[in-house]
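Here is upload-v4.cif, consisting of mmCIF, N, CA, C and O atoms:
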```
data_upload
loop_
_atom_site.label_atom_id
_atom_site.label_comp_id
_atom_site.auth_asym_id
_atom_site.auth_seq_id
_atom_site.Cartn_x
_atom_site.Cartn_y
_atom_site.Cartn_z
N MET I 1 -38.36 -49.18 46.71
CA MET I 1 -37.36 -50.09 47.23
C MET I 1 -36.30 -49.24 47.92
O MET I 1 -35.56 -48.52 47.25
N PRO I 2 -36.20 -49.29 49.22
CA PRO I 2 -35.23 -48.46 49.92
C PRO I 2 -33.80 -48.76 49.48
O PRO I 2 -33.46 -49.88 49.11
N ALA I 3 -32.94 -47.75 49.56
CA ALA I 3 -31.57 -47.87 49.07
C ALA I 3 -30.78 -48.95 49.80
O ALA I 3 -29.89 -49.55 49.23
N GLU I 4 -31.11 -49.23 51.08
CA GLU I 4 -30.34 -50.20 51.83
C GLU I 4 -30.63 -51.63 51.39
O GLU I 4 -29.92 -52.54 51.75
N GLU I 5 -31.66 -51.83 50.61
CA GLU I 5 -31.95 -53.16 50.09
C GLU I 5 -31.02 -53.48 48.94
O GLU I 5 -30.38 -52.62 48.37
N GLN I 6 -30.98 -54.76 48.58
CA GLN I 6 -30.11 -55.19 47.50
C GLN I 6 -30.56 -54.62 46.16
O GLN I 6 -31.72 -54.29 45.97
N VAL I 7 -29.61 -54.60 45.26
CA VAL I 7 -29.89 -54.17 43.89
C VAL I 7 -30.79 -55.22 43.25
O VAL I 7 -30.54 -56.41 43.39
N PRO I 8 -31.86 -54.79 42.55
CA PRO I 8 -32.75 -55.77 41.92
C PRO I 8 -32.08 -56.48 40.75
O PRO I 8 -31.08 -56.01 40.20
N ALA I 9 -32.65 -57.60 40.36
CA ALA I 9 -32.17 -58.34 39.20
C ALA I 9 -32.50 -57.56 37.94
O ALA I 9 -33.51 -56.83 37.88
N ILE I 10 -31.65 -57.69 36.93
CA ILE I 10 -31.91 -57.06 35.63
C ILE I 10 -33.30 -57.51 35.15
O ILE I 10 -33.64 -58.68 35.22
N GLY I 11 -34.09 -56.56 34.70
CA GLY I 11 -35.43 -56.86 34.20
C GLY I 11 -36.53 -56.69 35.23
O GLY I 11 -37.71 -56.72 34.88
N THR I 12 -36.17 -56.49 36.50
CA THR I 12 -37.17 -56.28 37.55
C THR I 12 -37.92 -54.98 37.28
O THR I 12 -37.33 -53.96 36.94
N ILE I 13 -39.22 -55.01 37.47
CA ILE I 13 -40.04 -53.81 37.28
C ILE I 13 -40.09 -53.04 38.59
O ILE I 13 -40.46 -53.59 39.64
N VAL I 14 -39.67 -51.76 38.54
CA VAL I 14 -39.72 -50.87 39.69
C VAL I 14 -40.40 -49.57 39.27
O VAL I 14 -40.65 -49.35 38.09
N VAL I 15 -40.69 -48.73 40.25
CA VAL I 15 -41.38 -47.47 39.97
C VAL I 15 -40.52 -46.31 40.44
O VAL I 15 -40.07 -46.27 41.58
N ASP I 16 -40.27 -45.38 39.53
CA ASP I 16 -39.54 -44.14 39.81
C ASP I 16 -40.55 -43.14 40.35
O ASP I 16 -41.47 -42.73 39.64
N VAL I 17 -40.38 -42.74 41.60
CA VAL I 17 -41.29 -41.78 42.22
C VAL I 17 -40.62 -40.45 42.50
O VAL I 17 -41.20 -39.58 43.15
N GLY I 18 -39.40 -40.26 41.97
CA GLY I 18 -38.59 -39.11 42.35
C GLY I 18 -38.76 -37.84 41.56
O GLY I 18 -38.69 -36.76 42.12
N ARG I 19 -38.93 -37.92 40.24
CA ARG I 19 -38.83 -36.71 39.43
C ARG I 19 -40.05 -36.42 38.58
O ARG I 19 -40.05 -35.47 37.82
N TRP I 20 -41.04 -37.20 38.64
CA TRP I 20 -42.14 -37.10 37.69
C TRP I 20 -43.42 -36.67 38.39
O TRP I 20 -43.59 -36.86 39.58
N ASP I 21 -44.33 -36.06 37.63
CA ASP I 21 -45.63 -35.69 38.17
C ASP I 21 -46.39 -36.92 38.62
O ASP I 21 -47.16 -36.88 39.57
N GLN I 22 -46.21 -38.00 37.88
CA GLN I 22 -46.82 -39.29 38.22
C GLN I 22 -45.71 -40.32 38.31
O GLN I 22 -44.69 -40.20 37.63
N PRO I 23 -45.89 -41.36 39.14
CA PRO I 23 -44.88 -42.42 39.18
C PRO I 23 -44.67 -43.01 37.79
O PRO I 23 -45.60 -43.11 36.99
N LEU I 24 -43.42 -43.36 37.49
CA LEU I 24 -43.06 -43.89 36.18
C LEU I 24 -42.51 -45.30 36.34
O LEU I 24 -41.52 -45.50 37.03
N VAL I 25 -43.17 -46.26 35.71
CA VAL I 25 -42.77 -47.65 35.79
C VAL I 25 -41.59 -47.88 34.86
O VAL I 25 -41.61 -47.44 33.71
N GLY I 26 -40.58 -48.56 35.36
CA GLY I 26 -39.40 -48.85 34.55
C GLY I 26 -38.86 -50.23 34.83
O GLY I 26 -39.09 -50.82 35.89
N GLU I 27 -38.11 -50.73 33.87
CA GLU I 27 -37.44 -52.02 33.99
C GLU I 27 -36.00 -51.75 34.42
O GLU I 27 -35.30 -50.96 33.78
N PHE I 28 -35.56 -52.37 35.49
CA PHE I 28 -34.20 -52.18 35.98
C PHE I 28 -33.20 -52.71 34.96
O PHE I 28 -33.31 -53.84 34.50
N ARG I 29 -32.21 -51.87 34.59
CA ARG I 29 -31.22 -52.25 33.58
C ARG I 29 -29.81 -52.36 34.13
O ARG I 29 -28.95 -52.96 33.51
N GLY I 30 -29.54 -51.73 35.27
CA GLY I 30 -28.20 -51.82 35.85
C GLY I 30 -27.89 -50.66 36.76
O GLY I 30 -28.75 -49.83 37.06
N VAL I 31 -26.64 -50.63 37.23
CA VAL I 31 -26.17 -49.59 38.14
C VAL I 31 -25.15 -48.73 37.42
O VAL I 31 -24.27 -49.24 36.72
N ALA I 32 -25.27 -47.42 37.58
CA ALA I 32 -24.32 -46.46 37.02
C ALA I 32 -23.91 -45.51 38.14
O ALA I 32 -24.61 -44.53 38.41
N GLY I 33 -22.83 -45.82 38.83
CA GLY I 33 -22.41 -45.02 39.98
C GLY I 33 -23.47 -45.09 41.07
O GLY I 33 -23.90 -46.17 41.44
N PRO I 34 -23.93 -43.94 41.56
CA PRO I 34 -24.94 -43.95 42.61
C PRO I 34 -26.37 -44.13 42.08
O PRO I 34 -27.32 -44.11 42.85
N TYR I 35 -26.51 -44.28 40.79
CA TYR I 35 -27.83 -44.34 40.16
C TYR I 35 -28.18 -45.74 39.68
O TYR I 35 -27.30 -46.54 39.39
N TRP I 36 -29.47 -45.97 39.57
CA TRP I 36 -29.99 -47.16 38.88
C TRP I 36 -30.45 -46.70 37.52
O TRP I 36 -31.03 -45.61 37.37
N THR I 37 -30.21 -47.50 36.52
CA THR I 37 -30.66 -47.21 35.17
C THR I 37 -31.96 -47.97 34.92
O THR I 37 -32.02 -49.19 35.15
N LEU I 38 -32.98 -47.26 34.47
CA LEU I 38 -34.28 -47.84 34.15
C LEU I 38 -34.62 -47.57 32.70
O LEU I 38 -34.09 -46.62 32.10
N ARG I 39 -35.51 -48.37 32.16
CA ARG I 39 -36.02 -48.15 30.80
C ARG I 39 -37.48 -48.57 30.79
O ARG I 39 -37.88 -49.50 31.47
N SER I 40 -38.26 -47.89 30.00
CA SER I 40 -39.67 -48.25 29.85
C SER I 40 -39.78 -49.71 29.42
O SER I 40 -38.99 -50.16 28.58
N PRO I 41 -40.75 -50.45 29.93
CA PRO I 41 -40.95 -51.83 29.47
C PRO I 41 -41.22 -51.91 27.97
O PRO I 41 -40.98 -52.95 27.36
N LYS I 42 -41.66 -50.81 27.38
CA LYS I 42 -41.92 -50.77 25.93
C LYS I 42 -40.68 -50.44 25.13
O LYS I 42 -40.74 -50.33 23.92
N GLY I 43 -39.54 -50.27 25.80
CA GLY I 43 -38.31 -49.89 25.12
C GLY I 43 -38.11 -48.40 25.18
O GLY I 43 -38.82 -47.68 25.88
N GLY I 44 -37.12 -47.93 24.47
CA GLY I 44 -36.86 -46.50 24.43
C GLY I 44 -35.62 -46.12 25.21
O GLY I 44 -34.79 -46.97 25.56
N THR I 45 -35.50 -44.85 25.50
CA THR I 45 -34.32 -44.29 26.15
C THR I 45 -34.29 -44.65 27.63
O THR I 45 -35.31 -44.53 28.32
N GLU I 46 -33.12 -45.03 28.10
CA GLU I 46 -32.94 -45.30 29.52
C GLU I 46 -32.82 -43.99 30.29
O GLU I 46 -32.44 -42.97 29.72
N TRP I 47 -33.13 -44.03 31.58
CA TRP I 47 -32.92 -42.87 32.44
C TRP I 47 -32.35 -43.35 33.76
O TRP I 47 -32.38 -44.54 34.06
N GLU I 48 -31.79 -42.42 34.50
CA GLU I 48 -31.17 -42.75 35.78
C GLU I 48 -32.01 -42.21 36.92
O GLU I 48 -32.63 -41.14 36.81
N VAL I 49 -32.00 -42.95 38.01
CA VAL I 49 -32.75 -42.58 39.21
C VAL I 49 -31.96 -43.03 40.44
O VAL I 49 -31.27 -44.04 40.39
N ARG I 50 -32.04 -42.24 41.47
CA ARG I 50 -31.42 -42.67 42.73
C ARG I 50 -32.26 -43.81 43.31
O ARG I 50 -33.49 -43.75 43.26
N PRO I 51 -31.62 -44.83 43.85
CA PRO I 51 -32.37 -45.98 44.39
C PRO I 51 -33.42 -45.59 45.43
O PRO I 51 -34.50 -46.18 45.48
N GLU I 52 -33.13 -44.56 46.23
CA GLU I 52 -34.09 -44.15 47.26
C GLU I 52 -35.34 -43.49 46.66
O GLU I 52 -36.32 -43.25 47.37
N HIS I 53 -35.31 -43.18 45.38
CA HIS I 53 -36.47 -42.60 44.69
C HIS I 53 -37.25 -43.66 43.92
O HIS I 53 -37.98 -43.33 42.97
N THR I 54 -37.08 -44.92 44.32
CA THR I 54 -37.83 -46.01 43.69
C THR I 54 -38.63 -46.76 44.74
O THR I 54 -38.37 -46.64 45.94
N ARG I 55 -39.59 -47.51 44.25
CA ARG I 55 -40.34 -48.43 45.11
C ARG I 55 -40.64 -49.68 44.29
O ARG I 55 -40.54 -49.67 43.07
N ASP I 56 -41.00 -50.74 45.00
CA ASP I 56 -41.41 -51.96 44.31
C ASP I 56 -42.69 -51.69 43.53
O ASP I 56 -43.56 -50.94 43.99
N ALA I 57 -42.79 -52.29 42.37
CA ALA I 57 -44.03 -52.18 41.58
C ALA I 57 -45.10 -53.07 42.21
O ALA I 57 -44.80 -54.14 42.76
N THR I 58 -46.33 -52.61 42.14
CA THR I 58 -47.45 -53.43 42.61
C THR I 58 -47.71 -54.54 41.60
O THR I 58 -47.26 -54.46 40.45
N PRO I 59 -48.45 -55.57 42.00
CA PRO I 59 -48.80 -56.61 41.02
C PRO I 59 -49.49 -56.04 39.78
O PRO I 59 -49.21 -56.47 38.66
N ALA I 60 -50.36 -55.05 39.96
CA ALA I 60 -51.06 -54.44 38.82
C ALA I 60 -50.08 -53.71 37.92
O ALA I 60 -50.20 -53.77 36.69
N GLU I 61 -49.11 -53.01 38.49
CA GLU I 61 -48.11 -52.30 37.69
C GLU I 61 -47.22 -53.28 36.93
O GLU I 61 -46.88 -53.05 35.77
N ARG I 62 -46.86 -54.39 37.56
CA ARG I 62 -46.05 -55.41 36.87
C ARG I 62 -46.83 -56.03 35.72
O ARG I 62 -46.29 -56.22 34.63
N LEU I 63 -48.10 -56.31 35.93
CA LEU I 63 -48.93 -56.88 34.87
C LEU I 63 -49.06 -55.89 33.71
O LEU I 63 -48.91 -56.27 32.54
N ALA I 64 -49.32 -54.63 34.02
CA ALA I 64 -49.44 -53.62 32.96
C ALA I 64 -48.13 -53.48 32.19
O ALA I 64 -48.14 -53.34 30.96
N ALA I 65 -47.00 -53.54 32.89
CA ALA I 65 -45.69 -53.43 32.22
C ALA I 65 -45.46 -54.62 31.30
O ALA I 65 -44.99 -54.46 30.17
N ARG I 66 -45.77 -55.83 31.76
CA ARG I 66 -45.59 -57.02 30.91
C ARG I 66 -46.50 -56.96 29.69
O ARG I 66 -46.09 -57.29 28.58
N THR I 67 -47.73 -56.51 29.89
CA THR I 67 -48.68 -56.39 28.77
C THR I 67 -48.18 -55.36 27.77
O THR I 67 -48.20 -55.60 26.56
N ALA I 68 -47.70 -54.21 28.25
CA ALA I 68 -47.18 -53.17 27.36
C ALA I 68 -45.99 -53.69 26.57
O ALA I 68 -45.87 -53.44 25.36
N ARG I 69 -45.11 -54.45 27.22
CA ARG I 69 -43.93 -55.00 26.53
C ARG I 69 -44.35 -55.99 25.45
O ARG I 69 -43.84 -55.96 24.33
N GLU I 70 -45.27 -56.88 25.77
CA GLU I 70 -45.72 -57.87 24.78
C GLU I 70 -46.43 -57.20 23.61
O GLU I 70 -46.27 -57.62 22.47
N ASN I 71 -47.22 -56.18 23.89
CA ASN I 71 -47.87 -55.44 22.79
C ASN I 71 -46.83 -54.76 21.90
O ASN I 71 -46.94 -54.81 20.68
N ALA I 72 -45.82 -54.14 22.51
CA ALA I 72 -44.76 -53.50 21.73
C ALA I 72 -44.00 -54.56 20.92
O ALA I 72 -43.66 -54.33 19.76
N ARG I 73 -43.76 -55.71 21.51
CA ARG I 73 -43.06 -56.79 20.80
C ARG I 73 -43.89 -57.26 19.61
O ARG I 73 -43.35 -57.50 18.53
N SER I 74 -45.21 -57.38 19.78
CA SER I 74 -46.06 -57.85 18.68
C SER I 74 -46.09 -56.85 17.52
O SER I 74 -46.32 -57.23 16.38
N ARG I 75 -45.83 -55.57 17.83
CA ARG I 75 -45.77 -54.54 16.79
C ARG I 75 -44.36 -54.40 16.20
O ARG I 75 -44.13 -53.58 15.32
N GLY I 76 -43.40 -55.18 16.73
CA GLY I 76 -42.03 -55.11 16.25
C GLY I 76 -41.23 -53.95 16.78
O GLY I 76 -40.18 -53.61 16.24
N GLU I 77 -41.69 -53.34 17.86
CA GLU I 77 -41.01 -52.17 18.41
C GLU I 77 -39.85 -52.55 19.33
O GLU I 77 -38.96 -51.75 19.56
N VAL I 78 -39.89 -53.74 19.91
CA VAL I 78 -38.81 -54.24 20.77
C VAL I 78 -38.56 -55.70 20.42
O VAL I 78 -39.43 -56.38 19.87
N ALA I 79 -37.36 -56.15 20.74
CA ALA I 79 -37.00 -57.55 20.45
C ALA I 79 -37.48 -58.47 21.55
O ALA I 79 -37.70 -58.12 22.64
#
```
Hey, can you dump this file as structure tokens for me?
Amino acid sequence: MPAEEQVPAIGTIVVDVGRWDQPLVGEFRGVAGPYWTLRSPKGGTEWEVRPEHTRDATPAERLAARTARENARSRGEVA
């Protein structure tokens, strides 16, 4: 998602392509200065990424993220 586009809604699934060996799927949590805050759909620690280092998640990535979240929820790992 290019930086000139609007900030996504809280909970939107995006992909961090900036710092990792492989793209990392994250749930948008908010804005912190020049950064977007993301968190794994399964919960855990949030991380920051520059908006220009993100892209829209594909339908397959969004489905996998929703499935991972529901599985984590069924195990009691997230609310």
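Closest to Asp16 of chain I among I:Val49, I:Gly30, I:Lys42, I:Asn71 is I:Val49, based on all atoms listed in the file.
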Just need the box for segment 11-27 of chain I, edges along x, y and z, holding every atom the file lists for it with 5 Å tacked onto each side, so centre and edge lengths in Å to one decimal, as JSON.
```
{"center_x": -40.6, "center_y": -46.2, "center_z": 38.4, "size_x": 23.1, "size_y": 31.4, "size_z": 19.4}
```
| task | Measuring atom to atom with only N, CA, C and O atoms, identify which of I:Arg69, I:Pro34, I:Gly26, I:Arg75 is nearest to Glu52 of chain I. | result | I:Pro34
| Selection: 10 Å around segment 54-64 of chain I, only C-alpha atoms, excl. self and same-chain fewer than 6 positions, as a VMD selection string | chain I and resid 1 to 3 8 12 to 18 23 to 27 36 41 70
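Comparing I:Glu46, I:Ala32, I:Thr37, I:Pro51 by their smallest distance to Gly11 of chain I, the closest is I:Thr37 (using all atoms listed in the file).
When atom C of Ala65 of chain I is paired with atom CA of Gly33 of chain I, their separation reads 26.4 Å.
Going from atom CA of Gly43 of chain I to atom CA of Val7 of chain I covers 21.0 Å.
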| Mind checking DSSP for segment 36-76 of chain I and telling me the alpha helix (DSSP H) residues as an MDAnalysis selection string? | chainID I and resid 59:74
| How would you write, as a ChimeraX atom specification, the set of residues in segment 36-75 of chain I that DSSP gives as strand (DSSP E or B)? | /I:36-39,47-49,54-56
